[in-house]
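Source file entry37.cif; content: mmCIF, C-alpha atoms.
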data_data
#
loop_
_atom_site.label_atom_id
_atom_site.label_comp_id
_atom_site.auth_asym_id
_atom_site.auth_seq_id
_atom_site.Cartn_x
_atom_site.Cartn_y
_atom_site.Cartn_z
CA MET A 9 147.67 -8.80 151.45
CA ASP A 10 148.03 -11.73 153.79
CA LYS A 11 150.22 -14.25 151.97
CA ASN A 12 147.99 -17.05 153.20
CA VAL A 13 145.18 -15.72 151.04
CA LEU A 14 145.03 -17.89 147.93
CA ASP A 15 142.56 -15.75 146.03
CA HIS A 16 140.98 -12.37 146.58
CA ILE A 17 137.70 -11.35 144.97
CA GLU A 18 136.22 -7.91 145.36
CA MET A 19 133.05 -6.37 144.05
CA LYS A 20 131.03 -3.19 144.52
CA ILE A 21 127.33 -3.15 143.77
CA PRO A 22 124.50 -0.64 144.25
CA ALA A 23 122.85 -0.94 147.67
CA ARG A 24 119.48 -1.84 146.21
CA ALA A 25 117.33 -4.92 146.76
CA GLU A 26 117.54 -6.04 143.13
CA TYR A 27 121.33 -6.44 143.47
CA VAL A 28 121.23 -8.71 146.53
CA GLY A 29 120.69 -11.63 144.16
CA VAL A 30 123.81 -10.65 142.24
CA ALA A 31 125.93 -10.84 145.40
CA ARG A 32 124.30 -14.18 146.20
CA LEU A 33 125.07 -15.66 142.78
CA THR A 34 128.62 -14.36 142.91
CA VAL A 35 129.39 -15.94 146.27
CA SER A 36 127.82 -19.15 145.03
CA GLY A 37 130.25 -19.21 142.10
CA VAL A 38 133.25 -18.29 144.24
CA ALA A 39 132.47 -20.92 146.90
CA SER A 40 131.86 -23.58 144.30
CA ARG A 41 135.23 -22.70 142.75
CA ALA A 42 136.81 -23.06 146.22
CA GLY A 43 135.42 -26.56 146.65
CA TYR A 44 132.51 -26.05 149.05
CA SER A 45 129.69 -28.58 149.24
CA TYR A 46 126.17 -27.88 148.03
CA ASP A 47 124.84 -27.31 151.55
CA ASP A 48 127.71 -25.04 152.54
CA ILE A 49 127.24 -22.99 149.38
CA GLU A 50 123.56 -22.58 150.20
CA ASP A 51 124.51 -21.43 153.72
CA LEU A 52 126.96 -18.91 152.28
CA LYS A 53 124.33 -17.60 149.86
CA VAL A 54 121.85 -16.95 152.67
CA ALA A 55 124.48 -15.35 154.92
CA VAL A 56 125.67 -13.00 152.16
CA ALA A 57 122.10 -12.13 151.17
CA GLU A 58 121.22 -11.35 154.80
CA ALA A 59 124.25 -9.07 155.21
CA CYS A 60 123.47 -7.29 151.92
CA THR A 61 119.80 -6.92 152.83
CA ASN A 62 120.90 -5.25 156.06
CA VAL A 63 122.87 -2.69 154.08
CA VAL A 64 119.97 -2.11 151.69
CA ASP A 65 117.52 -1.60 154.56
CA HIS A 66 119.61 0.37 157.04
CA ALA A 67 122.79 1.90 155.67
CA TYR A 68 121.90 4.71 153.33
CA GLU A 69 119.23 7.35 153.18
CA GLU A 70 120.00 7.85 149.51
CA ASP A 71 121.98 5.85 146.96
CA GLY A 72 124.99 3.93 148.19
CA PHE A 73 127.12 0.90 147.58
CA ILE A 74 127.71 -2.53 149.05
CA ARG A 75 131.27 -3.81 148.99
CA MET A 76 131.77 -7.54 149.01
CA ILE A 77 135.20 -9.03 149.56
CA CYS A 78 135.90 -12.78 149.46
CA ASP A 79 139.27 -14.03 150.63
CA ILE A 80 139.90 -17.69 149.97
CA TYR A 81 142.31 -19.49 152.26
CA ARG A 82 143.45 -23.10 152.17
CA ASP A 83 140.93 -24.08 154.83
CA LYS A 84 138.32 -21.32 154.89
CA ILE A 85 136.61 -18.46 153.11
CA GLU A 86 136.33 -15.05 154.68
CA ILE A 87 133.62 -12.75 153.35
CA VAL A 88 133.28 -9.09 154.19
CA ILE A 89 130.11 -7.17 153.42
CA ALA A 90 130.68 -3.49 154.06
CA ASP A 91 128.94 -0.19 153.55
CA ARG A 92 129.82 3.41 154.17
CA GLY A 93 126.43 4.42 155.40
CA GLN A 94 125.46 5.41 158.89
CA SER A 95 126.31 2.85 161.51
CA PHE A 96 123.57 1.85 163.85
CA ASP A 97 123.83 0.88 167.49
CA LEU A 98 125.55 -2.51 167.36
CA GLU A 99 124.97 -3.37 171.00
CA ASP A 100 121.31 -2.57 170.64
CA MET A 101 121.09 -4.72 167.55
CA LYS A 102 122.84 -7.71 169.12
CA LYS A 103 120.39 -7.68 172.02
CA GLY A 104 117.57 -8.47 169.64
CA LEU A 105 119.22 -11.59 168.22
CA GLY A 106 117.66 -14.97 168.64
CA PRO A 107 115.28 -17.49 167.15
CA VAL A 108 111.53 -17.24 167.30
CA ASP A 109 110.25 -18.04 170.77
CA ALA A 110 107.30 -20.40 170.41
CA ALA A 111 106.22 -19.59 173.96
CA LYS A 112 105.61 -15.97 173.08
CA PRO A 113 102.29 -14.88 171.61
CA ILE A 114 102.38 -14.52 167.84
CA GLU A 115 101.51 -10.84 168.09
CA ASP A 116 104.91 -10.25 169.72
CA MET A 117 106.87 -11.90 166.96
CA ARG A 118 109.12 -9.66 164.93
CA GLU A 119 108.94 -9.70 161.18
CA GLY A 120 112.51 -8.47 160.90
CA GLY A 121 115.59 -9.19 162.98
CA LEU A 122 116.06 -12.80 161.94
CA GLY A 123 118.76 -11.87 159.43
CA LEU A 124 121.69 -11.47 161.79
CA PHE A 125 120.60 -14.49 163.74
CA LEU A 126 120.69 -16.54 160.53
CA ILE A 127 124.16 -15.25 159.62
CA ASP A 128 125.36 -16.26 163.06
CA SER A 129 123.80 -19.72 162.73
CA LEU A 130 125.01 -20.46 159.22
CA MET A 131 128.60 -19.21 159.45
CA ASP A 132 131.40 -20.50 161.68
CA GLU A 133 132.71 -17.11 162.80
CA VAL A 134 131.01 -13.72 162.58
CA GLU A 135 132.41 -10.36 163.52
CA ILE A 136 130.72 -7.00 163.15
CA ASN A 137 132.70 -3.79 163.01
CA GLY A 138 130.99 -0.45 163.01
CA ASP A 139 132.75 2.84 162.68
CA LYS A 140 132.05 4.76 159.49
CA GLY A 141 129.45 2.30 158.30
CA VAL A 142 129.20 -1.35 159.15
CA ALA A 143 131.35 -4.28 158.08
CA ILE A 144 130.26 -7.83 158.70
CA VAL A 145 133.14 -10.29 158.54
CA MET A 146 131.99 -13.90 158.15
CA THR A 147 134.08 -17.04 157.98
CA LYS A 148 133.18 -20.53 156.89
CA PHE A 149 135.64 -23.40 157.07
CA LEU A 150 136.11 -25.80 154.21
CA GLN A 151 135.16 -29.34 155.13
CA ARG A 152 137.55 -31.82 153.59
CA ASP A 153 137.32 -35.58 153.14
CA GLY A 154 134.01 -35.74 154.95
CA ARG A 155 135.73 -34.79 158.20
CA GLU A 156 133.71 -32.22 160.13
CA GLN A 157 135.40 -29.32 161.83
CA ASN A 158 134.68 -29.22 165.51
CA VAL A 159 132.54 -26.13 165.21
CA ASN A 160 129.07 -25.19 166.27
CA GLY A 161 129.17 -27.94 168.84
CA ILE A 162 129.43 -30.78 166.32
CA PRO A 163 131.28 -33.43 168.31
CA GLU A 164 134.50 -34.71 166.82
CA THR A 165 133.55 -38.31 167.64
CA ASN A 166 130.65 -38.15 165.23
CA ALA A 167 132.90 -37.15 162.38
CA GLN A 168 135.32 -39.94 163.15
CA LYS A 169 132.57 -42.52 162.98
CA GLN A 170 131.80 -41.50 159.44
CA GLN A 171 135.29 -42.25 158.21
CA MET B 9 113.99 -12.59 138.78
CA ASN B 10 110.35 -12.30 139.70
CA LEU B 11 108.31 -14.81 141.61
CA ASP B 12 105.85 -17.02 139.85
CA ILE B 13 102.63 -16.73 141.81
CA ARG B 14 99.17 -18.10 141.08
CA THR B 15 96.13 -18.82 143.21
CA GLU B 16 93.70 -21.72 142.96
CA GLU B 17 90.54 -22.54 144.88
CA LEU B 18 90.61 -26.24 145.79
CA ASP B 19 87.99 -27.89 148.04
CA GLY B 20 87.28 -24.68 149.93
CA GLU B 21 90.98 -23.95 150.40
CA THR B 22 92.83 -21.12 148.74
CA VAL B 23 96.13 -22.46 147.47
CA LEU B 24 98.87 -20.01 146.64
CA PHE B 25 101.50 -21.59 144.41
CA VAL B 26 104.82 -19.80 144.68
CA GLY B 27 107.86 -20.40 142.51
CA GLY B 28 111.30 -18.80 142.38
CA GLU B 29 113.64 -17.20 144.91
CA ILE B 30 112.12 -15.27 147.82
CA ASP B 31 114.56 -12.54 148.80
CA ALA B 32 114.71 -8.83 149.59
CA TYR B 33 113.70 -7.97 146.05
CA THR B 34 110.85 -10.44 145.50
CA ALA B 35 109.43 -10.58 149.04
CA SER B 36 107.11 -7.63 148.45
CA GLN B 37 105.52 -9.54 145.57
CA LEU B 38 104.77 -12.42 147.94
CA ARG B 39 103.40 -10.06 150.57
CA GLU B 40 101.04 -8.42 148.08
CA SER B 41 99.62 -11.77 147.03
CA LEU B 42 99.48 -13.43 150.43
CA LEU B 43 98.36 -10.74 152.87
CA PRO B 44 95.00 -9.93 151.21
CA LEU B 45 94.12 -13.65 151.36
CA THR B 46 94.69 -13.74 155.12
CA GLU B 47 92.47 -10.73 155.64
CA LYS B 48 89.38 -12.62 154.61
CA GLU B 49 87.36 -13.86 157.57
CA GLY B 50 87.72 -17.61 158.13
CA ALA B 51 89.77 -18.37 155.03
CA VAL B 52 91.83 -21.53 154.75
CA ILE B 53 95.08 -20.65 153.02
CA VAL B 54 97.70 -23.09 151.82
CA VAL B 55 101.00 -21.84 150.46
CA ASP B 56 102.67 -24.35 148.17
CA LEU B 57 106.42 -23.79 148.17
CA THR B 58 107.37 -26.76 145.98
CA ASP B 59 108.97 -24.52 143.37
CA VAL B 60 110.75 -22.24 145.83
CA ASN B 61 114.45 -23.02 145.84
CA TYR B 62 115.64 -20.12 147.96
CA ILE B 63 114.30 -18.16 150.91
CA ASP B 64 115.92 -15.87 153.47
CA SER B 65 114.80 -13.80 156.43
CA THR B 66 112.85 -11.32 154.32
CA GLY B 67 110.66 -14.19 153.09
CA LEU B 68 110.36 -15.68 156.57
CA GLY B 69 109.25 -12.24 157.76
CA ILE B 70 106.42 -12.24 155.23
CA PHE B 71 105.14 -15.53 156.63
CA ILE B 72 105.28 -14.19 160.19
CA GLY B 73 103.23 -11.20 159.05
CA ALA B 74 100.78 -13.43 157.21
CA LEU B 75 100.37 -15.69 160.23
CA LYS B 76 99.61 -12.72 162.47
CA SER B 77 97.08 -11.41 159.99
CA ALA B 78 95.45 -14.84 159.55
CA ASN B 79 95.14 -15.28 163.31
CA SER B 80 93.54 -11.91 163.82
CA ASN B 81 91.02 -12.61 161.04
CA GLY B 82 90.13 -16.13 162.12
CA SER B 83 91.82 -17.59 159.06
CA SER B 84 94.32 -20.41 158.91
CA LEU B 85 97.64 -20.58 157.14
CA ARG B 86 99.47 -23.75 156.19
CA LEU B 87 102.73 -24.24 154.29
CA THR B 88 103.44 -27.22 152.10
CA GLY B 89 106.08 -28.53 149.69
CA LEU B 90 109.13 -27.12 151.47
CA ASN B 91 112.42 -28.51 150.21
CA ASP B 92 115.17 -29.40 152.70
CA ARG B 93 116.94 -26.06 152.38
CA VAL B 94 113.80 -24.02 152.90
CA LYS B 95 112.72 -26.26 155.78
CA ARG B 96 116.14 -25.87 157.38
CA LEU B 97 115.75 -22.10 157.61
CA PHE B 98 112.30 -22.45 159.17
CA SER B 99 113.73 -24.79 161.79
CA ILE B 100 116.91 -22.77 162.53
CA THR B 101 114.77 -19.72 163.22
CA GLY B 102 112.25 -21.71 165.27
CA LEU B 103 109.46 -20.71 162.91
CA ASP B 104 108.54 -24.35 162.34
CA GLU B 105 107.33 -24.36 165.97
CA VAL B 106 104.75 -21.68 165.39
CA MET B 107 103.73 -22.30 161.81
CA ASP B 108 101.64 -25.12 160.40
CA ILE B 109 104.06 -26.87 158.06
CA GLU B 110 102.89 -29.94 156.22
CA GLU B 111 105.33 -32.83 156.13
CA GLU B 112 105.98 -34.41 152.76
CA GLU B 113 104.24 -37.74 152.22
CA GLU B 114 107.47 -39.54 151.42
CA ALA B 115 108.84 -38.58 154.83
CA GLN B 116 106.14 -40.57 156.60
#

What is this structure when it is put down as structure tokens?
Amino acid sequence: MDKNVLDHIEMKIPARAEYVGVARLTVSGVASRAGYSYDDIEDLKVAVAEACTNVVDHAYEEDGFIRMICDIYRDKIEIVIADRGQSFDLEDMKKGLGPVDAAKPIEDMREGGLGLFLIDSLMDEVEINGDKGVAIVMTKFLQRDGREQNVNGIPETNAQKQQ
Amino acid sequence: MNLDIRTEELDGETVLFVGGEIDAYTASQLRESLLPLTEKEGAVIVVDLTDVNYIDSTGLGIFIGALKSANSNGSSLRLTGLNDRVKRLFSITGLDEVMDIEEEEEAQ
């Protein structure tokens, strides 16, 4: 294990919708333990739930498992949500990412497909690996002393003004 | 971890009060309560989300479906009582641009 990892939490749950809430509550506890703010914890909960929901909906034809790994570093948390189900076409999936387009007629709006877009919006770094199954690796940095990381286009000057 | 759902008729509007966490497990419960309402011709539906403290894309998807159904049946759908977290997800996804979301009075 990377010696920079302060704590490592691992869990395996059934890939069923009723367990998505369990993953969500677990990450909430872990992130709170690691010192994340209320808003960041809420972001992490949604991101983890979205990744788990993806596994529930797409990974297995029959019963399967979701693996959740949380690695806590000094300045960030790295969460992996992985399955061993069938991998789907990643490139194809990424093409469909994006917010709702208000210019499009409502009939064309998708009822699914917002999940990965949300993960991408709520986390600082997202990586998707697909070989035997899919693993989503998501990172969120820990904000300290009210100083914002220069991520997601938040200008550094703004953060300095707050100090 | 079920949703708390009840319907009330108020001044010609059908108000659906929802409480709890809307996720992959509970979303179907919301769909089953909400969709039939939107299928009535010319109905005015208000969904009160005051007691909803969590929503993710599965819940947002239900509202997209309900909006489509309302539009094709000449009904209207309005959301009210969204807390900041719930509102944030509607705005990140751009759904606040297409849905009728009532602003809280205190925000005015």

Translate the PyMOL selection byres ((chain B) within 12 of (chain A)), as applied to the file shown, into an explicit residue set as a tab-separated table (two decimals) with C-alpha atoms, keeping the file's coordinate frame.
chain	number	residue	atom	x	y	z
B	9	MET	CA	113.99	-12.59	138.78
B	10	ASN	CA	110.35	-12.30	139.70
B	28	GLY	CA	111.30	-18.80	142.38
B	29	GLU	CA	113.64	-17.20	144.91
B	30	ILE	CA	112.12	-15.27	147.82
B	31	ASP	CA	114.56	-12.54	148.80
B	32	ALA	CA	114.71	-8.83	149.59
B	33	TYR	CA	113.70	-7.97	146.05
B	34	THR	CA	110.85	-10.44	145.50
B	35	ALA	CA	109.43	-10.58	149.04
B	36	SER	CA	107.11	-7.63	148.45
B	39	ARG	CA	103.40	-10.06	150.57
B	61	ASN	CA	114.45	-23.02	145.84
B	62	TYR	CA	115.64	-20.12	147.96
B	63	ILE	CA	114.30	-18.16	150.91
B	64	ASP	CA	115.92	-15.87	153.47
B	65	SER	CA	114.80	-13.80	156.43
B	66	THR	CA	112.85	-11.32	154.32
B	67	GLY	CA	110.66	-14.19	153.09
B	68	LEU	CA	110.36	-15.68	156.57
B	69	GLY	CA	109.25	-12.24	157.76
B	70	ILE	CA	106.42	-12.24	155.23
B	71	PHE	CA	105.14	-15.53	156.63
B	72	ILE	CA	105.28	-14.19	160.19
B	73	GLY	CA	103.23	-11.20	159.05
B	74	ALA	CA	100.78	-13.43	157.21
B	75	LEU	CA	100.37	-15.69	160.23
B	76	LYS	CA	99.61	-12.72	162.47
B	77	SER	CA	97.08	-11.41	159.99
B	78	ALA	CA	95.45	-14.84	159.55
B	79	ASN	CA	95.14	-15.28	163.31
B	80	SER	CA	93.54	-11.91	163.82
B	92	ASP	CA	115.17	-29.40	152.70
B	93	ARG	CA	116.94	-26.06	152.38
B	94	VAL	CA	113.80	-24.02	152.90
B	96	ARG	CA	116.14	-25.87	157.38
B	97	LEU	CA	115.75	-22.10	157.61
B	98	PHE	CA	112.30	-22.45	159.17
B	99	SER	CA	113.73	-24.79	161.79
B	100	ILE	CA	116.91	-22.77	162.53
B	101	THR	CA	114.77	-19.72	163.22
B	102	GLY	CA	112.25	-21.71	165.27
B	103	LEU	CA	109.46	-20.71	162.91
B	104	ASP	CA	108.54	-24.35	162.34
B	105	GLU	CA	107.33	-24.36	165.97
B	106	VAL	CA	104.75	-21.68	165.39
B	107	MET	CA	103.73	-22.30	161.81

Check your understanding: When the PyMOL selection byres ((chain A and resi 43) around 12) is applied to the file above, which residues end up in the set, as a ChimeraX atom specification?
Key -> /A:36-42,44-49,80-85,149-153

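Residue selection for this entry, given the PyMOL selection byres ((chain A and resi 132) around 6), comprises Met131, Glu133, Thr147 and Lys148 of chain A.
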
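Atom pair CA of Thr88 in chain B / CA of Phe25 in chain B has a distance of 9.7 Å (rounded to one decimal).
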
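Here CA of Thr22 in chain B is placed at a distance of 11.8 Å from CA of Leu87 in chain B.
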
Exercise for review: Tell me, as a ChimeraX atom specification, which residues lie within 10 Å of Val23 in chain B, counting all atoms listed in the file; anything in the same chain fewer than 2 positions away does not count.
Suggested key: /B:14-21,25-26,45,52-56,85-88

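One distance worth recording is that between CA of Thr34 in chain A and CA of Gly138 in chain A, which is 24.6 Å.
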
Exercise for review: For Gly89 in chain B, please output as a list in words all residues within 9 Å (counting only C-alpha atoms; exclusion window: fewer than 2 positions along the same chain).
Suggested key: Val55, Asp56, Leu57, Thr58, Asp59, Val60, Leu87, Asn91, Ile109, Glu110, Glu111 and Glu112 of chain B

Just write range 28-55 of chain A with N, CA and C atoms, as a PDB file, in the first residue's frame, taken from the block above.
ATOM      1  N   VAL A  28     -27.367   0.630  -2.013  1.00  0.00           N
ATOM      2  CA  VAL A  28     -26.721   1.879  -2.429  1.00  0.00           C
ATOM      3  C   VAL A  28     -26.694   2.858  -1.246  1.00  0.00           C
ATOM      4  N   GLY A  29     -27.762   2.866  -0.474  1.00  0.00           N
ATOM      5  CA  GLY A  29     -27.832   3.741   0.699  1.00  0.00           C
ATOM      6  C   GLY A  29     -26.794   3.379   1.754  1.00  0.00           C
ATOM      7  N   VAL A  30     -26.446   2.110   1.818  1.00  0.00           N
ATOM      8  CA  VAL A  30     -25.441   1.667   2.784  1.00  0.00           C
ATOM      9  C   VAL A  30     -24.065   2.227   2.396  1.00  0.00           C
ATOM     10  N   ALA A  31     -23.759   2.165   1.101  1.00  0.00           N
ATOM     11  CA  ALA A  31     -22.488   2.731   0.618  1.00  0.00           C
ATOM     12  C   ALA A  31     -22.454   4.237   0.880  1.00  0.00           C
ATOM     13  N   ARG A  32     -23.602   4.867   0.669  1.00  0.00           N
ATOM     14  CA  ARG A  32     -23.709   6.317   0.842  1.00  0.00           C
ATOM     15  C   ARG A  32     -23.476   6.723   2.302  1.00  0.00           C
ATOM     16  N   LEU A  33     -24.097   5.981   3.217  1.00  0.00           N
ATOM     17  CA  LEU A  33     -23.923   6.277   4.643  1.00  0.00           C
ATOM     18  C   LEU A  33     -22.486   6.010   5.089  1.00  0.00           C
ATOM     19  N   THR A  34     -21.899   4.954   4.528  1.00  0.00           N
ATOM     20  CA  THR A  34     -20.524   4.622   4.902  1.00  0.00           C
ATOM     21  C   THR A  34     -19.567   5.734   4.477  1.00  0.00           C
ATOM     22  N   VAL A  35     -19.693   6.187   3.247  1.00  0.00           N
ATOM     23  CA  VAL A  35     -18.769   7.227   2.783  1.00  0.00           C
ATOM     24  C   VAL A  35     -18.993   8.515   3.559  1.00  0.00           C
ATOM     25  N   SER A  36     -20.230   8.742   3.966  1.00  0.00           N
ATOM     26  CA  SER A  36     -20.523   9.924   4.764  1.00  0.00           C
ATOM     27  C   SER A  36     -19.762   9.868   6.092  1.00  0.00           C
ATOM     28  N   GLY A  37     -19.766   8.707   6.724  1.00  0.00           N
ATOM     29  CA  GLY A  37     -19.048   8.528   7.980  1.00  0.00           C
ATOM     30  C   GLY A  37     -17.544   8.660   7.810  1.00  0.00           C
ATOM     31  N   VAL A  38     -17.039   8.029   6.741  1.00  0.00           N
ATOM     32  CA  VAL A  38     -15.590   8.057   6.493  1.00  0.00           C
ATOM     33  C   VAL A  38     -15.121   9.491   6.209  1.00  0.00           C
ATOM     34  N   ALA A  39     -15.878  10.209   5.381  1.00  0.00           N
ATOM     35  CA  ALA A  39     -15.482  11.573   5.002  1.00  0.00           C
ATOM     36  C   ALA A  39     -15.588  12.528   6.187  1.00  0.00           C
ATOM     37  N   SER A  40     -16.577  12.291   7.031  1.00  0.00           N
ATOM     38  CA  SER A  40     -16.731  13.122   8.209  1.00  0.00           C
ATOM     39  C   SER A  40     -15.541  12.897   9.146  1.00  0.00           C
ATOM     40  N   ARG A  41     -15.156  11.643   9.282  1.00  0.00           N
ATOM     41  CA  ARG A  41     -13.988  11.252  10.072  1.00  0.00           C
ATOM     42  C   ARG A  41     -12.728  11.944   9.531  1.00  0.00           C
ATOM     43  N   ALA A  42     -12.656  12.075   8.200  1.00  0.00           N
ATOM     44  CA  ALA A  42     -11.463  12.652   7.566  1.00  0.00           C
ATOM     45  C   ALA A  42     -11.475  14.179   7.574  1.00  0.00           C
ATOM     46  N   GLY A  43     -12.548  14.772   8.074  1.00  0.00           N
ATOM     47  CA  GLY A  43     -12.554  16.226   8.236  1.00  0.00           C
ATOM     48  C   GLY A  43     -13.207  17.015   7.117  1.00  0.00           C
ATOM     49  N   TYR A  44     -14.003  16.357   6.282  1.00  0.00           N
ATOM     50  CA  TYR A  44     -14.660  17.071   5.182  1.00  0.00           C
ATOM     51  C   TYR A  44     -15.835  17.914   5.681  1.00  0.00           C
ATOM     52  N   SER A  45     -16.126  18.977   4.947  1.00  0.00           N
ATOM     53  CA  SER A  45     -17.224  19.868   5.313  1.00  0.00           C
ATOM     54  C   SER A  45     -18.559  19.227   4.945  1.00  0.00           C
ATOM     55  N   TYR A  46     -19.621  19.781   5.473  1.00  0.00           N
ATOM     56  CA  TYR A  46     -20.962  19.275   5.201  1.00  0.00           C
ATOM     57  C   TYR A  46     -21.236  19.176   3.702  1.00  0.00           C
ATOM     58  N   ASP A  47     -20.942  20.257   2.977  1.00  0.00           N
ATOM     59  CA  ASP A  47     -21.230  20.275   1.537  1.00  0.00           C
ATOM     60  C   ASP A  47     -20.397  19.249   0.775  1.00  0.00           C
ATOM     61  N   ASP A  48     -19.122  19.131   1.154  1.00  0.00           N
ATOM     62  CA  ASP A  48     -18.263  18.149   0.479  1.00  0.00           C
ATOM     63  C   ASP A  48     -18.732  16.725   0.757  1.00  0.00           C
ATOM     64  N   ILE A  49     -19.187  16.492   1.982  1.00  0.00           N
ATOM     65  CA  ILE A  49     -19.693  15.154   2.322  1.00  0.00           C
ATOM     66  C   ILE A  49     -20.936  14.841   1.481  1.00  0.00           C
ATOM     67  N   GLU A  50     -21.796  15.833   1.328  1.00  0.00           N
ATOM     68  CA  GLU A  50     -22.993  15.626   0.499  1.00  0.00           C
ATOM     69  C   GLU A  50     -22.592  15.323  -0.950  1.00  0.00           C
ATOM     70  N   ASP A  51     -21.589  16.030  -1.464  1.00  0.00           N
ATOM     71  CA  ASP A  51     -21.092  15.751  -2.819  1.00  0.00           C
ATOM     72  C   ASP A  51     -20.577  14.319  -2.926  1.00  0.00           C
ATOM     73  N   LEU A  52     -19.806  13.905  -1.934  1.00  0.00           N
ATOM     74  CA  LEU A  52     -19.245  12.551  -1.936  1.00  0.00           C
ATOM     75  C   LEU A  52     -20.349  11.504  -1.897  1.00  0.00           C
ATOM     76  N   LYS A  53     -21.389  11.767  -1.102  1.00  0.00           N
ATOM     77  CA  LYS A  53     -22.507  10.819  -1.003  1.00  0.00           C
ATOM     78  C   LYS A  53     -23.181  10.633  -2.357  1.00  0.00           C
ATOM     79  N   VAL A  54     -23.427  11.751  -3.057  1.00  0.00           N
ATOM     80  CA  VAL A  54     -24.082  11.643  -4.360  1.00  0.00           C
ATOM     81  C   VAL A  54     -23.176  10.902  -5.351  1.00  0.00           C
ATOM     82  N   ALA A  55     -21.890  11.266  -5.367  1.00  0.00           N
ATOM     83  CA  ALA A  55     -20.962  10.636  -6.319  1.00  0.00           C
ATOM     84  C   ALA A  55     -20.890   9.125  -6.094  1.00  0.00           C
TER      85      ALA A  55
END
